[in-house]
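Asker: What follows is model_22.pdb, made up of PDB, C-alpha atoms:
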```
ATOM      1  CA  MET A   1     -28.048   0.709  -9.909
ATOM      2  CA  ARG A   2     -27.001   2.129 -13.257
ATOM      3  CA  LEU A   3     -23.697   0.819 -14.642
ATOM      4  CA  PHE A   4     -21.370   2.412 -17.155
ATOM      5  CA  ILE A   5     -18.335   0.500 -18.443
ATOM      6  CA  LEU A   6     -15.442   2.331 -20.055
ATOM      7  CA  GLY A   7     -13.968  -0.291 -22.366
ATOM      8  CA  LEU A   8     -16.214  -3.277 -23.137
ATOM      9  CA  GLY A   9     -13.395  -5.759 -23.560
ATOM     10  CA  TYR A  10     -13.185  -9.469 -22.802
ATOM     11  CA  SER A  11     -13.378  -9.247 -18.998
ATOM     12  CA  ALA A  12     -16.003  -6.490 -18.942
ATOM     13  CA  ARG A  13     -18.301  -8.385 -21.309
ATOM     14  CA  HIS A  14     -18.008 -11.491 -19.152
ATOM     15  CA  PHE A  15     -18.878  -9.400 -16.093
ATOM     16  CA  VAL A  16     -22.042  -8.186 -17.815
ATOM     17  CA  ARG A  17     -23.025 -11.722 -18.817
ATOM     18  CA  LYS A  18     -22.532 -12.945 -15.254
ATOM     19  CA  HIS A  19     -23.834 -10.024 -13.191
ATOM     20  CA  GLY A  20     -25.733  -7.786 -15.603
ATOM     21  CA  GLY A  21     -29.030  -8.644 -13.950
ATOM     22  CA  SER A  22     -27.944  -6.721 -10.850
ATOM     23  CA  PHE A  23     -28.225  -3.387 -12.691
ATOM     24  CA  SER A  24     -31.257  -1.456 -13.896
ATOM     25  CA  HIS A  25     -29.374  -0.048 -16.886
ATOM     26  CA  ILE A  26     -26.035  -0.875 -18.532
ATOM     27  CA  ALA A  27     -24.110   1.237 -21.005
ATOM     28  CA  GLY A  28     -20.513   1.192 -22.117
ATOM     29  CA  THR A  29     -17.964   2.184 -24.695
ATOM     30  CA  VAL A  30     -16.309   0.399 -27.588
ATOM     31  CA  ARG A  31     -13.959   1.682 -30.244
ATOM     32  CA  ASP A  32     -16.346   0.709 -33.043
ATOM     33  CA  PRO A  33     -20.072   0.555 -32.134
ATOM     34  CA  ALA A  34     -20.717  -1.410 -35.345
ATOM     35  CA  GLN A  35     -18.898  -4.358 -33.750
ATOM     36  CA  ARG A  36     -21.652  -5.117 -31.244
ATOM     37  CA  ASP A  37     -21.115  -8.884 -31.090
ATOM     38  CA  ASP A  38     -22.866 -10.042 -27.885
ATOM     39  CA  LEU A  39     -23.744  -6.549 -26.660
ATOM     40  CA  ALA A  40     -27.443  -6.551 -27.563
ATOM     41  CA  CYS A  41     -28.468  -5.872 -23.951
ATOM     42  CA  ILE A  42     -26.049  -2.964 -23.533
ATOM     43  CA  GLU A  43     -26.363   0.638 -24.676
ATOM     44  CA  VAL A  44     -23.176   1.055 -26.697
ATOM     45  CA  HIS A  45     -21.274   4.311 -27.168
ATOM     46  CA  ALA A  46     -18.135   5.093 -29.152
ATOM     47  CA  PHE A  47     -14.979   6.112 -27.345
ATOM     48  CA  SER A  48     -11.966   7.622 -29.077
ATOM     49  CA  SER A  49      -9.715  10.633 -28.940
ATOM     50  CA  GLU A  50     -12.592  12.765 -30.243
ATOM     51  CA  PRO A  51     -14.843  14.678 -27.817
ATOM     52  CA  PRO A  52     -17.637  12.350 -26.637
ATOM     53  CA  ALA A  53     -21.246  12.758 -27.707
ATOM     54  CA  ARG A  54     -23.553  14.563 -25.292
ATOM     55  CA  GLU A  55     -25.509  11.325 -24.776
ATOM     56  CA  THR A  56     -22.337   9.538 -23.644
ATOM     57  CA  VAL A  57     -21.481  12.244 -21.136
ATOM     58  CA  GLU A  58     -25.020  12.112 -19.764
ATOM     59  CA  GLN A  59     -24.837   8.339 -19.329
ATOM     60  CA  VAL A  60     -21.601   8.669 -17.350
ATOM     61  CA  ARG A  61     -23.127  11.440 -15.264
ATOM     62  CA  ASP A  62     -26.224   9.356 -14.496
ATOM     63  CA  ALA A  63     -24.325   6.176 -13.601
ATOM     64  CA  ASP A  64     -24.037   4.872 -10.054
ATOM     65  CA  VAL A  65     -21.117   2.558 -10.870
ATOM     66  CA  LEU A  66     -18.239   3.081 -13.287
ATOM     67  CA  VAL A  67     -16.047   0.120 -14.278
ATOM     68  CA  VAL A  68     -12.911   1.182 -16.164
ATOM     69  CA  SER A  69     -10.925  -1.257 -18.299
ATOM     70  CA  ILE A  70      -9.376   1.193 -20.776
ATOM     71  CA  PRO A  71      -5.568   1.065 -20.525
ATOM     72  CA  PRO A  72      -3.590   4.299 -20.173
ATOM     73  CA  GLY A  73      -2.442   5.685 -23.474
ATOM     74  CA  GLY A  74       0.173   8.240 -22.559
ATOM     75  CA  ALA A  75       0.839  10.910 -19.993
ATOM     76  CA  ASP A  76      -2.857  11.166 -19.037
ATOM     77  CA  ASP A  77      -5.477   8.489 -18.572
ATOM     78  CA  PRO A  78      -7.769   8.862 -21.616
ATOM     79  CA  ALA A  79     -10.992   8.355 -19.658
ATOM     80  CA  ILE A  80     -10.104  10.954 -17.030
ATOM     81  CA  ALA A  81      -8.983  13.369 -19.744
ATOM     82  CA  THR A  82     -12.350  12.942 -21.480
ATOM     83  CA  PHE A  83     -14.794  12.730 -18.557
ATOM     84  CA  GLY A  84     -12.839  14.434 -15.778
ATOM     85  CA  ASP A  85     -15.405  17.148 -15.053
ATOM     86  CA  VAL A  86     -18.205  14.589 -14.738
ATOM     87  CA  LEU A  87     -16.140  12.172 -12.662
ATOM     88  CA  ALA A  88     -15.099  14.870 -10.205
ATOM     89  CA  THR A  89     -18.619  15.017  -8.740
ATOM     90  CA  GLY A  90     -17.650  12.160  -6.402
ATOM     91  CA  ARG A  91     -21.004  10.323  -6.537
ATOM     92  CA  LEU A  92     -19.799   7.402  -8.682
ATOM     93  CA  LYS A  93     -18.524   4.096  -7.347
ATOM     94  CA  ILE A  94     -15.378   3.569  -9.436
ATOM     95  CA  VAL A  95     -13.728   0.204 -10.100
ATOM     96  CA  TYR A  96     -10.493   0.453 -12.080
ATOM     97  CA  LEU A  97      -9.000  -2.665 -13.671
ATOM     98  CA  SER A  98      -5.214  -2.437 -13.475
ATOM     99  CA  THR A  99      -2.450  -5.054 -13.668
ATOM    100  CA  ILE A 100      -0.039  -6.890 -11.391
ATOM    101  CA  GLY A 101       2.629  -5.804 -13.875
ATOM    102  CA  VAL A 102       3.137  -2.714 -11.703
ATOM    103  CA  TYR A 103       5.187  -4.796  -9.236
ATOM    104  CA  GLY A 104       7.987  -5.462 -11.703
ATOM    105  CA  ASP A 105      10.508  -8.269 -11.252
ATOM    106  CA  HIS A 106      10.972  -9.997  -7.882
ATOM    107  CA  ALA A 107      12.840 -13.077  -9.144
ATOM    108  CA  GLY A 108       9.886 -15.322  -8.342
ATOM    109  CA  GLY A 109       9.477 -13.991  -4.787
ATOM    110  CA  TRP A 110       6.155 -13.232  -3.146
ATOM    111  CA  VAL A 111       4.599  -9.756  -3.322
ATOM    112  CA  ASP A 112       1.390  -8.242  -1.977
ATOM    113  CA  GLU A 113      -0.352  -4.871  -1.986
ATOM    114  CA  SER A 114       2.174  -3.466   0.493
ATOM    115  CA  THR A 115       4.997  -4.086  -2.010
ATOM    116  CA  PRO A 116       5.939  -0.772  -3.664
ATOM    117  CA  PRO A 117       5.578  -0.776  -7.464
ATOM    118  CA  GLN A 118       8.943  -0.942  -9.197
ATOM    119  CA  ALA A 119       7.843  -1.032 -12.801
ATOM    120  CA  THR A 120      10.595  -0.567 -15.368
ATOM    121  CA  LEU A 121       8.467  -0.843 -18.516
ATOM    122  CA  ASP A 122       6.727   2.269 -19.826
ATOM    123  CA  ARG A 123       3.324   0.564 -19.905
ATOM    124  CA  ALA A 124       3.655  -0.425 -16.246
ATOM    125  CA  ARG A 125       4.740   3.067 -15.189
ATOM    126  CA  MET A 126       1.689   4.486 -16.969
ATOM    127  CA  ARG A 127      -0.488   2.032 -15.040
ATOM    128  CA  VAL A 128       0.909   3.237 -11.714
ATOM    129  CA  ALA A 129       0.200   6.823 -12.723
ATOM    130  CA  ALA A 130      -3.316   5.903 -13.860
ATOM    131  CA  GLU A 131      -4.065   4.136 -10.582
ATOM    132  CA  GLN A 132      -3.097   7.274  -8.668
ATOM    133  CA  ALA A 133      -5.123   9.488 -11.004
ATOM    134  CA  TRP A 134      -8.260   7.400 -10.395
ATOM    135  CA  MET A 135      -7.657   7.441  -6.660
ATOM    136  CA  ASP A 136      -7.273  11.222  -6.795
ATOM    137  CA  ILE A 137     -10.445  11.855  -8.781
ATOM    138  CA  ALA A 138     -12.400   9.477  -6.497
ATOM    139  CA  ARG A 139     -10.924  11.139  -3.393
ATOM    140  CA  GLY A 140      -9.380   7.838  -2.360
ATOM    141  CA  ASP A 141     -12.562   5.799  -2.822
ATOM    142  CA  ALA A 142     -11.684   4.048  -6.096
ATOM    143  CA  ALA A 143     -11.388   0.272  -6.012
ATOM    144  CA  ILE A 144      -8.195  -0.696  -7.867
ATOM    145  CA  LEU A 145      -8.113  -4.337  -8.955
ATOM    146  CA  ARG A 146      -4.680  -5.466 -10.141
ATOM    147  CA  LEU A 147      -5.360  -8.312 -12.548
ATOM    148  CA  ALA A 148      -3.082 -11.240 -13.346
ATOM    149  CA  GLY A 149      -2.994 -12.932 -16.763
ATOM    150  CA  ILE A 150      -6.600 -13.364 -17.895
ATOM    151  CA  TYR A 151      -8.004 -16.612 -19.255
ATOM    152  CA  GLY A 152     -11.431 -18.108 -19.816
ATOM    153  CA  PRO A 153     -13.708 -19.308 -22.623
ATOM    154  CA  GLY A 154     -11.981 -18.924 -25.972
ATOM    155  CA  ARG A 155      -8.795 -17.559 -24.393
ATOM    156  CA  ASN A 156      -6.819 -20.329 -22.719
ATOM    157  CA  ALA A 157      -4.157 -23.004 -23.172
ATOM    158  CA  LEU A 158      -6.696 -25.506 -24.512
ATOM    159  CA  ALA A 159      -7.671 -23.103 -27.277
ATOM    160  CA  THR A 160      -4.073 -22.330 -28.259
ATOM    161  CA  LEU A 161      -3.223 -26.034 -28.357
ATOM    162  CA  ARG A 162      -6.216 -26.707 -30.590
ATOM    163  CA  ALA A 163      -5.212 -23.797 -32.830
ATOM    164  CA  GLY A 164      -1.615 -25.032 -33.023
ATOM    165  CA  THR A 165      -0.217 -21.794 -31.576
ATOM    166  CA  ALA A 166       0.727 -23.009 -28.078
ATOM    167  CA  ARG A 167       4.417 -22.850 -27.141
ATOM    168  CA  ARG A 168       6.460 -24.082 -24.188
ATOM    169  CA  VAL A 169       9.076 -21.379 -23.771
ATOM    170  CA  ILE A 170      11.387 -22.245 -20.883
ATOM    171  CA  LYS A 171      13.029 -19.552 -18.795
ATOM    172  CA  PRO A 172      14.423 -21.048 -15.550
ATOM    173  CA  GLY A 173      12.763 -19.555 -12.481
ATOM    174  CA  GLN A 174      10.021 -17.796 -14.461
ATOM    175  CA  VAL A 175       6.521 -17.842 -12.995
ATOM    176  CA  PHE A 176       3.337 -16.104 -14.077
ATOM    177  CA  ASN A 177       0.091 -15.436 -12.223
ATOM    178  CA  ARG A 178      -3.343 -16.042 -13.726
ATOM    179  CA  ILE A 179      -7.025 -15.345 -13.109
ATOM    180  CA  HIS A 180     -10.181 -16.783 -14.691
ATOM    181  CA  VAL A 181     -12.794 -14.332 -15.979
ATOM    182  CA  ASP A 182     -15.417 -15.898 -13.672
ATOM    183  CA  ASP A 183     -13.338 -14.770 -10.700
ATOM    184  CA  ILE A 184     -12.740 -11.347 -12.246
ATOM    185  CA  ALA A 185     -16.503 -10.874 -12.604
ATOM    186  CA  ASN A 186     -17.129 -11.886  -8.987
ATOM    187  CA  ALA A 187     -14.335  -9.654  -7.689
ATOM    188  CA  ILE A 188     -15.677  -6.629  -9.572
ATOM    189  CA  MET A 189     -19.082  -7.198  -7.981
ATOM    190  CA  ALA A 190     -17.482  -7.567  -4.543
ATOM    191  CA  ALA A 191     -15.573  -4.310  -5.066
ATOM    192  CA  ILE A 192     -18.782  -2.526  -6.075
ATOM    193  CA  HIS A 193     -20.459  -3.549  -2.818
ATOM    194  CA  HIS A 194     -17.399  -2.802  -0.653
ATOM    195  CA  ARG A 195     -17.545   0.461   1.232
ATOM    196  CA  GLY A 196     -14.569   2.643   0.411
ATOM    197  CA  GLY A 197     -11.638   2.218  -1.897
ATOM    198  CA  GLY A 198      -8.363   0.374  -1.900
ATOM    199  CA  ILE A 199      -6.021  -1.793  -3.931
ATOM    200  CA  TRP A 200      -6.476  -5.546  -4.292
ATOM    201  CA  ASN A 201      -4.530  -8.152  -6.225
ATOM    202  CA  LEU A 202      -6.779 -10.310  -8.397
ATOM    203  CA  CYS A 203      -5.004 -13.589  -9.107
ATOM    204  CA  ASP A 204      -5.410 -17.267  -8.302
ATOM    205  CA  ASP A 205      -3.596 -19.333  -5.665
ATOM    206  CA  ALA A 206      -1.059 -21.002  -7.967
ATOM    207  CA  PRO A 207       1.537 -18.867  -9.746
ATOM    208  CA  ALA A 208       3.366 -21.292 -12.016
ATOM    209  CA  PRO A 209       5.804 -21.596 -14.919
ATOM    210  CA  PRO A 210       3.970 -21.061 -18.235
ATOM    211  CA  GLN A 211       5.111 -24.413 -19.636
ATOM    212  CA  ASP A 212       3.326 -26.237 -16.807
ATOM    213  CA  VAL A 213      -0.010 -24.793 -17.891
ATOM    214  CA  ILE A 214       0.494 -25.919 -21.485
ATOM    215  CA  ALA A 215       1.540 -29.391 -20.360
ATOM    216  CA  TYR A 216      -1.557 -29.735 -18.147
ATOM    217  CA  ALA A 217      -3.848 -28.617 -20.973
ATOM    218  CA  ALA A 218      -2.216 -31.127 -23.326
ATOM    219  CA  LYS A 219      -2.799 -33.883 -20.769
ATOM    220  CA  LEU A 220      -6.503 -33.008 -20.589
ATOM    221  CA  MET A 221      -6.747 -33.128 -24.371
ATOM    222  CA  GLY A 222      -4.754 -36.348 -24.658
ATOM    223  CA  VAL A 223      -2.223 -34.787 -27.016
ATOM    224  CA  ALA A 224       1.532 -34.347 -26.918
ATOM    225  CA  PRO A 225       2.618 -30.924 -25.665
ATOM    226  CA  PRO A 226       4.646 -28.755 -28.034
ATOM    227  CA  PRO A 227       8.435 -29.076 -27.782
ATOM    228  CA  GLU A 228      10.323 -27.030 -25.224
ATOM    229  CA  GLU A 229      12.043 -23.869 -26.461
ATOM    230  CA  ALA A 230      14.791 -22.072 -24.599
ATOM    231  CA  PHE A 231      13.807 -18.469 -23.868
ATOM    232  CA  ALA A 232      17.266 -17.196 -24.834
ATOM    233  CA  THR A 233      16.941 -18.437 -28.408
ATOM    234  CA  ALA A 234      13.156 -18.513 -28.938
ATOM    235  CA  GLU A 235      11.799 -16.320 -31.709
ATOM    236  CA  MET A 236       9.407 -13.881 -30.046
ATOM    237  CA  SER A 237       8.103 -10.381 -30.612
ATOM    238  CA  ALA A 238       9.520  -7.616 -28.460
ATOM    239  CA  MET A 239       6.167  -7.337 -26.680
ATOM    240  CA  ALA A 240       5.983 -11.063 -25.910
ATOM    241  CA  ARG A 241       9.579 -11.127 -24.697
ATOM    242  CA  SER A 242       8.969  -8.153 -22.408
ATOM    243  CA  PHE A 243       6.480 -10.148 -20.324
ATOM    244  CA  TYR A 244       9.333 -12.447 -19.270
ATOM    245  CA  THR A 245      11.257  -9.564 -17.711
ATOM    246  CA  SER A 246       9.092  -9.809 -14.577
ATOM    247  CA  SER A 247       8.718 -12.867 -12.375
ATOM    248  CA  ALA A 248       6.804 -12.748  -9.084
ATOM    249  CA  ARG A 249       4.388 -14.743  -6.991
ATOM    250  CA  VAL A 250       1.471 -12.460  -6.195
ATOM    251  CA  SER A 251      -0.614 -12.917  -3.049
ATOM    252  CA  ASN A 252      -4.418 -12.652  -3.146
ATOM    253  CA  ALA A 253      -4.883 -12.859   0.639
ATOM    254  CA  LYS A 254      -6.135  -9.277   0.939
ATOM    255  CA  LEU A 255      -8.758  -9.872  -1.778
ATOM    256  CA  LYS A 256     -10.158 -12.815   0.163
ATOM    257  CA  ARG A 257      -9.899 -11.126   3.545
ATOM    258  CA  GLU A 258     -11.333  -7.689   2.750
ATOM    259  CA  LEU A 259     -13.631  -8.304  -0.221
ATOM    260  CA  GLY A 260     -14.734 -11.770   0.881
ATOM    261  CA  VAL A 261     -13.981 -13.293  -2.512
ATOM    262  CA  THR A 262     -13.933 -17.087  -2.745
ATOM    263  CA  LEU A 263     -12.279 -18.128  -5.991
ATOM    264  CA  VAL A 264     -14.304 -20.359  -8.293
ATOM    265  CA  HIS A 265     -11.073 -21.460  -9.974
ATOM    266  CA  PRO A 266      -8.328 -21.289  -7.304
ATOM    267  CA  THR A 267      -5.668 -22.739  -9.643
ATOM    268  CA  TYR A 268      -5.132 -22.983 -13.385
ATOM    269  CA  ARG A 269      -5.863 -26.701 -13.060
ATOM    270  CA  HIS A 270      -9.365 -25.999 -11.717
ATOM    271  CA  GLY A 271      -9.948 -23.465 -14.468
ATOM    272  CA  LEU A 272      -8.765 -25.686 -17.299
ATOM    273  CA  ASP A 273     -10.712 -28.651 -15.910
ATOM    274  CA  ALA A 274     -13.911 -26.589 -15.976
ATOM    275  CA  LEU A 275     -13.254 -25.308 -19.489
ATOM    276  CA  TRP A 276     -12.509 -28.795 -20.776
ATOM    277  CA  HIS A 277     -15.663 -30.259 -19.223
ATOM    278  CA  ALA A 278     -17.653 -27.381 -20.741
ATOM    279  CA  GLY A 279     -16.499 -28.505 -24.197
ATOM    280  CA  GLU A 280     -13.680 -26.030 -24.767
ATOM    281  CA  ALA A 281     -11.358 -26.938 -27.686
ATOM    282  CA  ARG A 282     -13.212 -30.132 -28.607
TER     283      ARG A 282
END
```
Would you give me this structure, written as structure tokens?

Answerer:
Amino acid sequence: MRLFILGLGYSARHFVRKHGGSFSHIAGTVRDPAQRDDLACIEVHAFSSEPPARETVEQVRDADVLVVSIPPGGADDPAIATFGDVLATGRLKIVYLSTIGVYGDHAGGWVDESTPPQATLDRARMRVAAEQAWMDIARGDAAILRLAGIYGPGRNALATLRAGTARRVIKPGQVFNRIHVDDIANAIMAAIHHRGGGIWNLCDDAPAPPQDVIAYAAKLMGVAPPPEEAFATAEMSAMARSFYTSSARVSNAKLKRELGVTLVHPTYRHGLDALWHAGEAR
């Protein structure tokens, strides 16, 4: 199988490291090809608002699998706007990485894939539109994975505690959902092998208040957690504050049932334990 990844970000790079050996050829896009980092084994192409190079279009056309992690940037999904004619052939297996943010606020109640999106933020509304656009261009066969808050090596509560940037902002009743990049990588591979399309929530089994995660990480490190801050008076950017407007417990039962995914890190405790034992933040 030939793989093309639109948007070689954190999760996509981890997927390549974990499952890259399953593909005969891997190519993907970055904003700046000069910033290759750990992409030596990947054919890298630039992606921007400019028309793509002929070589990039040919790589997309020749791919068997397309993984999309580029967020929507406006009225139209940028990848569809750029590669629409190629994508419309219908021969690609498409996996689109979306977000559970499309569900909006449910006051901490449970939601699943049958729950209608009720996004109030512009970025969430654009995600809903992008999901539908990918379903349309794939004639209903796109696999839409709605991701929870991503964590893993270098991006986790242990790392923020070590860096001195961790905070315990308290908003009563607030819960967030999370997912480790190991489980994202495995779910992408499961979606690739699944016949047909659909929508699946990609999150762990333990939605929890954000302060609990920081406190658990501090316990692992043997340090005092940062002081509690009331959400109402905490100094935060508008973007950071907007994440607290939605509180829901998201079910992953359909992911396990239909894609056969068994989570490596079923709770944030399992994930942080593994990261700590691997030497994270020491």

Asker: How would you write, as a count of residues only, the residues chosen by the PyMOL selection byres ((chain A and resi 81-92) around 12) on this structure?

Answerer: 53

Asker: Under the rule that all atoms listed in the file are counted, which of A:Ile42, A:Ile184, A:Ser69, A:Thr99 is the nearest residue to A:Phe23?

Answerer: A:Ile42

Asker: Evaluate the PyMOL selection byres ((chain A and resi 121-125) around 12) here and jot the selected residues down as a PyMOL selection string.

Answerer: chain A and resi 71-77+98-105+117-120+126-132+146+239+242-246

Asker: Give me, as a tab-separated table, each residue of stretch 70-161 of chain A that comes within 10 Å of stretch 216-225 of chain A, together with its shortest interatomic pair and the distance in Å at one decimal, counting all atoms listed in the file, with rows ordered by chain and rising residue number.

Answerer:
```
residue	atom	partner	partner_atom	distance
A:Asn156	CA	A:Ala217	CA	9.0
A:Ala157	CA	A:Ala217	CA	6.0
A:Leu158	CA	A:Ala217	CA	5.5
A:Ala159	CA	A:Ala217	CA	9.2
A:Thr160	CA	A:Ala217	CA	9.6
A:Leu161	CA	A:Ala218	CA	7.2
```

Asker: Rounded to one decimal in Å, what is the spacing between atom CA of A:Pro207 and atom CA of A:Asn177?

Answerer: 4.5 Å

Asker: Ranking A:Leu97, A:Leu275, A:Ala208, A:Val261 by minimum distance to A:Ser11 and counting only C-alpha atoms, which one comes first?

Answerer: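 Distance minimum relative to A:Ser11 lands on A:Leu97.
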
Asker: Quote the spacing between atom CA of A:Ala163 and atom CA of A:Pro209 in Å to one decimal place.

Answerer: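 Between atom CA of A:Ala163 and atom CA of A:Pro209 the gap is 21.1 Å.
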
Asker: So how many Å separate atom CA of A:His270 and atom CA of A:Pro210, to one decimal?

Answerer: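 Separation between atom CA of A:His270 and atom CA of A:Pro210: 15.6 Å.
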
Asker: The centre and edge lengths of an axis-aligned box containing all atoms of stretch 91-107 of chain A present in the file, extended by 8 Å on each side, are to be given in Å to one decimal, as lines of an AutoDock Vina configuration file.

Answerer:
```
center_x = -4.1
center_y = -1.4
center_z = -10.2
size_x = 49.8
size_y = 39.4
size_z = 23.3
```

Asker: May I have the protein, DNA and RNA residues with an atom at most 9 Å from (-14.7, 0.5, -27.6), counting all atoms listed in the file in the file's coordinates, returned as a ChimeraX atom specification?

Answerer: /A:6-9,28-33,35,44-48,70

Asker: Considering only C-alpha atoms, return as a ChimeraX atom specification whatever protein or nucleic-acid residues lie within 7 Å of A:Trp110, sequence-local ones (same chain, fewer than 6 positions apart) excluded.

Answerer: /A:248-251

Asker: Taking (-25.7, -1.0, -23.0) in the file's own coordinates, collect the residues within 8 Å, counting all atoms listed in the file, and hand them back as an MDAnalysis selection string.

Answerer: chainID A and resid 25:28 39:44

Asker: Compile the contact shell of A:Trp200 as a list in words: residues with an atom at most 8 Å away, counting only C-alpha atoms, same-chain residues fewer than 6 positions apart removed.

Answerer: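 Neighbouring residues, sequence-local ones excluded: Glu113, Ala143, Ile144, Leu145, Arg146, Asn252, Lys254 and Leu255 of chain A.
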
Asker: Atoms are missing here; could stretch 76-83 of chain A be completed with all heavy atoms and written as an mmCIF file, keeping the file's coordinate frame?

Answerer:
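Output saved as part20.cif:
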```cif
data_model
loop_
_atom_site.group_PDB
_atom_site.id
_atom_site.type_symbol
_atom_site.label_atom_id
_atom_site.label_comp_id
_atom_site.auth_asym_id
_atom_site.auth_seq_id
_atom_site.Cartn_x
_atom_site.Cartn_y
_atom_site.Cartn_z
ATOM 1 N N ASP A 76 -1.607 11.043 -19.775
ATOM 2 C CA ASP A 76 -2.857 11.166 -19.037
ATOM 3 C C ASP A 76 -3.748 9.973 -19.335
ATOM 4 O O ASP A 76 -3.771 9.445 -20.450
ATOM 5 C CB ASP A 76 -3.592 12.455 -19.430
ATOM 6 C CG ASP A 76 -2.792 13.703 -19.094
ATOM 7 O OD1 ASP A 76 -2.251 13.763 -17.972
ATOM 8 O OD2 ASP A 76 -2.705 14.595 -19.953
ATOM 9 N N ASP A 77 -4.509 9.538 -18.336
ATOM 10 C CA ASP A 77 -5.477 8.489 -18.572
ATOM 11 C C ASP A 77 -6.544 9.025 -19.522
ATOM 12 O O ASP A 77 -7.126 10.087 -19.275
ATOM 13 C CB ASP A 77 -6.123 8.058 -17.254
ATOM 14 C CG ASP A 77 -7.072 6.904 -17.438
ATOM 15 O OD1 ASP A 77 -8.228 7.158 -17.854
ATOM 16 O OD2 ASP A 77 -6.679 5.756 -17.189
ATOM 17 N N PRO A 78 -6.839 8.314 -20.615
ATOM 18 C CA PRO A 78 -7.769 8.862 -21.616
ATOM 19 C C PRO A 78 -9.176 9.065 -21.089
ATOM 20 O O PRO A 78 -9.858 10.017 -21.493
ATOM 21 C CB PRO A 78 -7.741 7.809 -22.740
ATOM 22 C CG PRO A 78 -7.230 6.567 -22.096
ATOM 23 C CD PRO A 78 -6.291 7.014 -21.029
ATOM 24 N N ALA A 79 -9.644 8.203 -20.188
ATOM 25 C CA ALA A 79 -10.992 8.355 -19.658
ATOM 26 C C ALA A 79 -11.093 9.574 -18.749
ATOM 27 O O ALA A 79 -12.067 10.331 -18.806
ATOM 28 C CB ALA A 79 -11.396 7.097 -18.903
ATOM 29 N N ILE A 80 -10.093 9.786 -17.909
ATOM 30 C CA ILE A 80 -10.104 10.954 -17.030
ATOM 31 C C ILE A 80 -9.985 12.231 -17.851
ATOM 32 O O ILE A 80 -10.651 13.236 -17.578
ATOM 33 C CB ILE A 80 -8.973 10.859 -15.990
ATOM 34 C CG1 ILE A 80 -9.254 9.715 -15.014
ATOM 35 C CG2 ILE A 80 -8.825 12.177 -15.231
ATOM 36 C CD1 ILE A 80 -8.164 9.498 -13.991
ATOM 37 N N ALA A 81 -9.139 12.194 -18.887
ATOM 38 C CA ALA A 81 -8.983 13.369 -19.744
ATOM 39 C C ALA A 81 -10.293 13.733 -20.428
ATOM 40 O O ALA A 81 -10.594 14.909 -20.655
ATOM 41 C CB ALA A 81 -7.898 13.108 -20.790
ATOM 42 N N THR A 82 -11.096 12.712 -20.754
ATOM 43 C CA THR A 82 -12.350 12.942 -21.480
ATOM 44 C C THR A 82 -13.509 13.287 -20.553
ATOM 45 O O THR A 82 -14.307 14.181 -20.837
ATOM 46 C CB THR A 82 -12.725 11.690 -22.301
ATOM 47 O OG1 THR A 82 -11.665 11.404 -23.215
ATOM 48 C CG2 THR A 82 -14.021 11.915 -23.076
ATOM 49 N N PHE A 83 -13.628 12.583 -19.423
ATOM 50 C CA PHE A 83 -14.794 12.730 -18.557
ATOM 51 C C PHE A 83 -14.458 13.324 -17.191
ATOM 52 O O PHE A 83 -15.254 13.207 -16.258
ATOM 53 C CB PHE A 83 -15.452 11.355 -18.341
ATOM 54 C CG PHE A 83 -15.938 10.703 -19.595
ATOM 55 C CD1 PHE A 83 -15.249 9.632 -20.148
ATOM 56 C CD2 PHE A 83 -17.081 11.158 -20.240
ATOM 57 C CE1 PHE A 83 -15.694 9.014 -21.298
ATOM 58 C CE2 PHE A 83 -17.535 10.554 -21.397
ATOM 59 C CZ PHE A 83 -16.844 9.476 -21.937
#
```
